[in-house]
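**Q** Sending over a structure as structure tokens; questions will come in a sec.
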Amino acid sequence: MNTKKLRRLLDIMLVAWLLAGCGGSPAPTDAPTAIPPTATPVLPTATPIPPTATPIPPTATPIPPTATPVPPIDAFAPLATTEDSGDLQPLSPGVCNDLADAMAQTLGVAVTTAEVAFQDYVDGQTGTGCQATATGTGLDFENVGDLFGALTEMLQARGWSEDVNYAGGGPGGMLAGYRQAEGLCLLAASSEPSEDSLCAQDEPFVACWERLAPEQQIYTVTLNCAQHAASSASSMTATEPLSIDSFTAEAVDNGDGGKTVTFNWQTSGATGVRIFNGATFVRFGTWWTDLPLDGTYTVDIAGTVYKNPQMTLHAADAQGNEISQAVGIDMPCQVEDKFRGDSSPPGTICPAESIETAAAEQRFSNGFMIWLEDVDGGTILVFYNGGRVNQFADTWQPDQPESDPNITPPGGMYQPLRGFGKVWRENNLQDTLGWAIEEEQGFDGKWQRDMSASLSSDTAYLINRDFQLIRIAGPTSGGNWEFSSAVN
């Protein structure tokens with residue numbers, strides 16, 4: 001099926017899905033159970049976050065285990081008299097209840113639950129699913145995209161991976177599908193006016209929506225989850241206490257400058273397993289998912305941004321509990337650390353290539369300046385007594401004045417010249433850095449920053465004219481500096 005036909009099919013299914021409310025028959029035999037939010041709501045952000053095809057890792061550290069497992073909620077009981085003839089059936093009650101409660105906590109509104117008909121609109125399989133439903137108004141939510149962004153992060157934190165084949169949407173709603181082992185969850189969100197008469201029959205949806213008052217904007221979100229009947233007793237139901245019984249990683253040279261890493265692990269009571277790749281930046285980290293509960297996995301890693309990185313196995317159970325175990329692999333940085341050598345501990349961020357450059361230094365009554373010709377096209381660093389540092393671009397050109405003839409320094413003091421002087425005058429540094437107490441001195445500078453770091457963040461190292469090592473953190477935004485150690 002070509003892309004145009006697939007998109008047309010998804011749009012048609014979205015309209016049908018939203019009109020039908022994703023419920024269908026059979027009707028639940030028990031009244032839906034409301035699950036109020038049990039923690040401080042994580043409100044959706046103002047900017048829509050569209051669903052992505054790959055898991056979004058945490059921005060700082062891998063997802064930690066849940067501190068206090070959500071207690072089971074007896075909301076999903078097997079239907080006593082109604083069965084669907086399809087092959088799909090609800091996830092285990094523990095998983096269903098955990099997802100429903102997490103949905104309530106994420107959205108900050110009450111959630112109702114029920115067992116309803118389930119249809120896989122990609123491959124056509126049918127059965128029964130456990131569905132959590134949340135409703136709200138524009139007073140509760142910003143837009144459909146925000147709902148999807150918050151719920152996608154919630155699902156991925158529990159080991160669910162988005163399947164792009166289920167993605168669809170339009171101005172008033174979105175669809176997505178998420179998988180874990182044999183389980184499939186279908187997420188649908190719709191928005192509509194509180195009364196049909198609020199929008200003209202031929203009025204575009206977006207035009208109508210933008211003029212509605214928040215209380216007239218109605219949102220409906222459903223999360224319907226099912227699994228193959230044959231897997232219900234094994235892959236999605238934990239019968240043992242959750243534990244990681246073993247986890248090892250063996251790394252060998254692959255001949256291309258990287259490593260071939262083989263993982264081996266065994267778990268008990270788990271319903272999902274994944275491994276975090278500690279050789280990548282935590283902020284943009286990658287996960288290896290769709291792994292067996294016990295097994296072996298081999299992967300090639302081209303390089304690392306951390307010295308002897310930690311690889312972390314995460315295991316989750318049906319109740320939403322998650323534990324982890326880390327092992328280090330022998331994988332040195334690909335670039336030599338000119339200043340710290342081999343003394344840095346495992347997990348230290350790797351350096352980028354070092355730079356040897358023409359440099360100059362001038363000392364002032366309240367600090368000093370250093371010019372580096374080949375760093376970022378010409379950089380001037382201003383170091384203040386007390387540990388604050390700023391960076392400025394060197395914009396002085398030879399056809400510009402070297403100094404200001406209208407400025408007369410006190411006796412024994414100097415007006416800085418050329419690039420130093422331009423930065424000093426244009427940024428009023430006379431009041432903070434003071435007058436120069438010597439003429440500038442040239443020297444051979446050495447510079448190295450952490451891998452992919454910039455002067456606006458992370459860490460860099462510099463050798464001054466006295467062969468002292470200066471550690472710099474975030475000078476663009478007004479960072480800090482310190483003398484780290486002497487270097488011969």
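Letters A, B, ... mark the chains of the structure tokens in the order given; residue numbers begin at 1 per chain; ligand numbers begin at 1, in order shown.
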Leaving out Asn254 in chain A and any residue of its chain fewer than 4 positions from it, which residues lie within 12 Å of it when counting only C-alpha atoms, given as number ranges by chain?

**A** A: 258-262, 298-303, 331

**Q** Quick one: everything within 9 Å of range 190-196 of chain A, counting only C-alpha atoms, minus sequence neighbours fewer than 4 positions away in the same chain. Send it as number ranges by chain.

**A** A: 18, 21, 137, 143-144, 171-175, 200-201, 205, 208-209, 212, 215-221

**Q** Pick from A:Asp399, A:Gln180, A:Asn480, A:Val335: nearest to Gln156 in chain A, with only C-alpha atoms counted?

**A** A:Gln180

**Q** Would you please work out which residue, of A:Pro309, A:Gly478, A:Gly272, A:Gly86, is nearest to Pro292 in chain A when using only C-alpha atoms?

**A** A:Gly272

**Q** Which of these, A:Thr395, A:Ser365, A:Ser403, A:Thr222, has the shortest distance to Ile437 in chain A once you count only C-alpha atoms?

**A** A:Ser365

**Q** Which parts of range 247-455 of chain A does DSSP call strand (DSSP E) when run on the backbone here, written out as a ChimeraX atom specification?

**A** /A:247-253,259-268,272-277,286-288,295-301,310-316,322-328,355-364,367-372,379-384,388-393,441-449

**Q** Record the distance separating CA of Leu291 in chain A and CA of Ala132 in chain A, expressed in Å with one decimal.

**A**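 So the answer is 26.9 Å.
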
**Q** From the DSSP assignment of the backbone, select every residue of range 264-457 of chain A that is helix (DSSP H, G or I), and format the answer as number ranges by chain.

**A** A: 341-343, 418-426

**Q** For the residues in the current selection, export all heavy atoms as a short mmCIF file (atom, residue, chain, number, x, y, z; two decimals), in the first residue's frame.

**A**
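Generated output (selection-v2.cif):
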```
data_model
loop_
_atom_site.label_atom_id
_atom_site.label_comp_id
_atom_site.auth_asym_id
_atom_site.auth_seq_id
_atom_site.Cartn_x
_atom_site.Cartn_y
_atom_site.Cartn_z
N GLY A 341 44.82 12.91 31.67
CA GLY A 341 45.45 11.63 31.42
C GLY A 341 44.54 10.47 31.78
O GLY A 341 43.33 10.50 31.53
N ASP A 342 45.12 9.45 32.39
CA ASP A 342 44.35 8.26 32.79
C ASP A 342 43.83 8.37 34.21
O ASP A 342 43.31 7.39 34.75
CB ASP A 342 45.24 7.01 32.66
CG ASP A 342 45.60 6.71 31.21
OD1 ASP A 342 44.79 7.04 30.33
OD2 ASP A 342 46.70 6.16 30.98
N SER A 343 43.98 9.53 34.83
CA SER A 343 43.59 9.65 36.23
C SER A 343 42.08 9.81 36.42
O SER A 343 41.57 9.63 37.52
CB SER A 343 44.29 10.85 36.87
OG SER A 343 43.89 12.07 36.25
N ARG A 418 43.76 46.61 21.65
CA ARG A 418 43.26 45.73 20.59
C ARG A 418 42.02 44.95 21.06
O ARG A 418 41.07 45.56 21.55
CB ARG A 418 44.38 44.81 20.11
CG ARG A 418 45.51 45.59 19.41
CD ARG A 418 46.65 44.68 19.00
NE ARG A 418 47.43 44.23 20.15
CZ ARG A 418 48.41 44.93 20.71
NH1 ARG A 418 48.75 46.13 20.23
NH2 ARG A 418 49.07 44.46 21.75
N GLY A 419 42.01 43.63 20.91
CA GLY A 419 40.82 42.85 21.25
C GLY A 419 40.45 42.94 22.72
O GLY A 419 39.27 43.07 23.07
N PHE A 420 41.46 42.89 23.60
CA PHE A 420 41.18 43.05 25.03
C PHE A 420 40.54 44.40 25.29
O PHE A 420 39.55 44.52 26.04
CB PHE A 420 42.47 42.94 25.84
CG PHE A 420 43.00 41.54 25.99
CD1 PHE A 420 44.31 41.32 26.38
CD2 PHE A 420 42.18 40.44 25.76
CE1 PHE A 420 44.81 40.04 26.54
CE2 PHE A 420 42.66 39.15 25.92
CZ PHE A 420 43.99 38.95 26.30
N GLY A 421 41.10 45.45 24.69
CA GLY A 421 40.58 46.79 24.92
C GLY A 421 39.17 46.97 24.41
O GLY A 421 38.33 47.63 25.06
N LYS A 422 38.86 46.39 23.23
CA LYS A 422 37.52 46.53 22.68
C LYS A 422 36.49 45.87 23.60
O LYS A 422 35.43 46.44 23.89
CB LYS A 422 37.47 45.92 21.29
CG LYS A 422 36.15 46.16 20.57
CD LYS A 422 36.18 45.62 19.14
CE LYS A 422 34.86 45.91 18.43
NZ LYS A 422 34.84 45.38 17.05
N VAL A 423 36.77 44.66 24.07
CA VAL A 423 35.87 43.98 24.99
C VAL A 423 35.74 44.77 26.29
O VAL A 423 34.65 44.94 26.83
CB VAL A 423 36.36 42.54 25.26
CG1 VAL A 423 35.60 41.92 26.43
CG2 VAL A 423 36.19 41.68 24.01
N TRP A 424 36.85 45.25 26.80
CA TRP A 424 36.89 45.99 28.07
C TRP A 424 36.05 47.25 27.99
O TRP A 424 35.29 47.57 28.91
CB TRP A 424 38.35 46.30 28.38
CG TRP A 424 38.63 46.98 29.69
CD1 TRP A 424 38.67 46.40 30.92
CD2 TRP A 424 38.97 48.36 29.87
NE1 TRP A 424 39.01 47.33 31.89
CE2 TRP A 424 39.21 48.55 31.26
CE3 TRP A 424 39.11 49.45 29.02
CZ2 TRP A 424 39.56 49.78 31.80
CZ3 TRP A 424 39.47 50.68 29.56
CH2 TRP A 424 39.69 50.84 30.93
N ARG A 425 36.15 48.01 26.86
CA ARG A 425 35.42 49.27 26.74
C ARG A 425 33.94 49.03 26.44
O ARG A 425 33.06 49.66 27.05
CB ARG A 425 36.03 50.13 25.62
CG ARG A 425 37.42 50.66 25.94
CD ARG A 425 37.85 51.68 24.90
NE ARG A 425 37.88 51.13 23.54
CZ ARG A 425 38.91 50.49 23.01
NH1 ARG A 425 40.02 50.31 23.72
NH2 ARG A 425 38.86 50.05 21.76
N GLU A 426 33.62 48.12 25.49
CA GLU A 426 32.24 47.94 25.05
C GLU A 426 31.37 47.26 26.09
O GLU A 426 30.14 47.35 26.03
CB GLU A 426 32.21 47.14 23.74
CG GLU A 426 32.80 47.91 22.56
CD GLU A 426 32.73 47.11 21.26
OE1 GLU A 426 32.36 45.92 21.31
OE2 GLU A 426 33.06 47.69 20.20
#
```
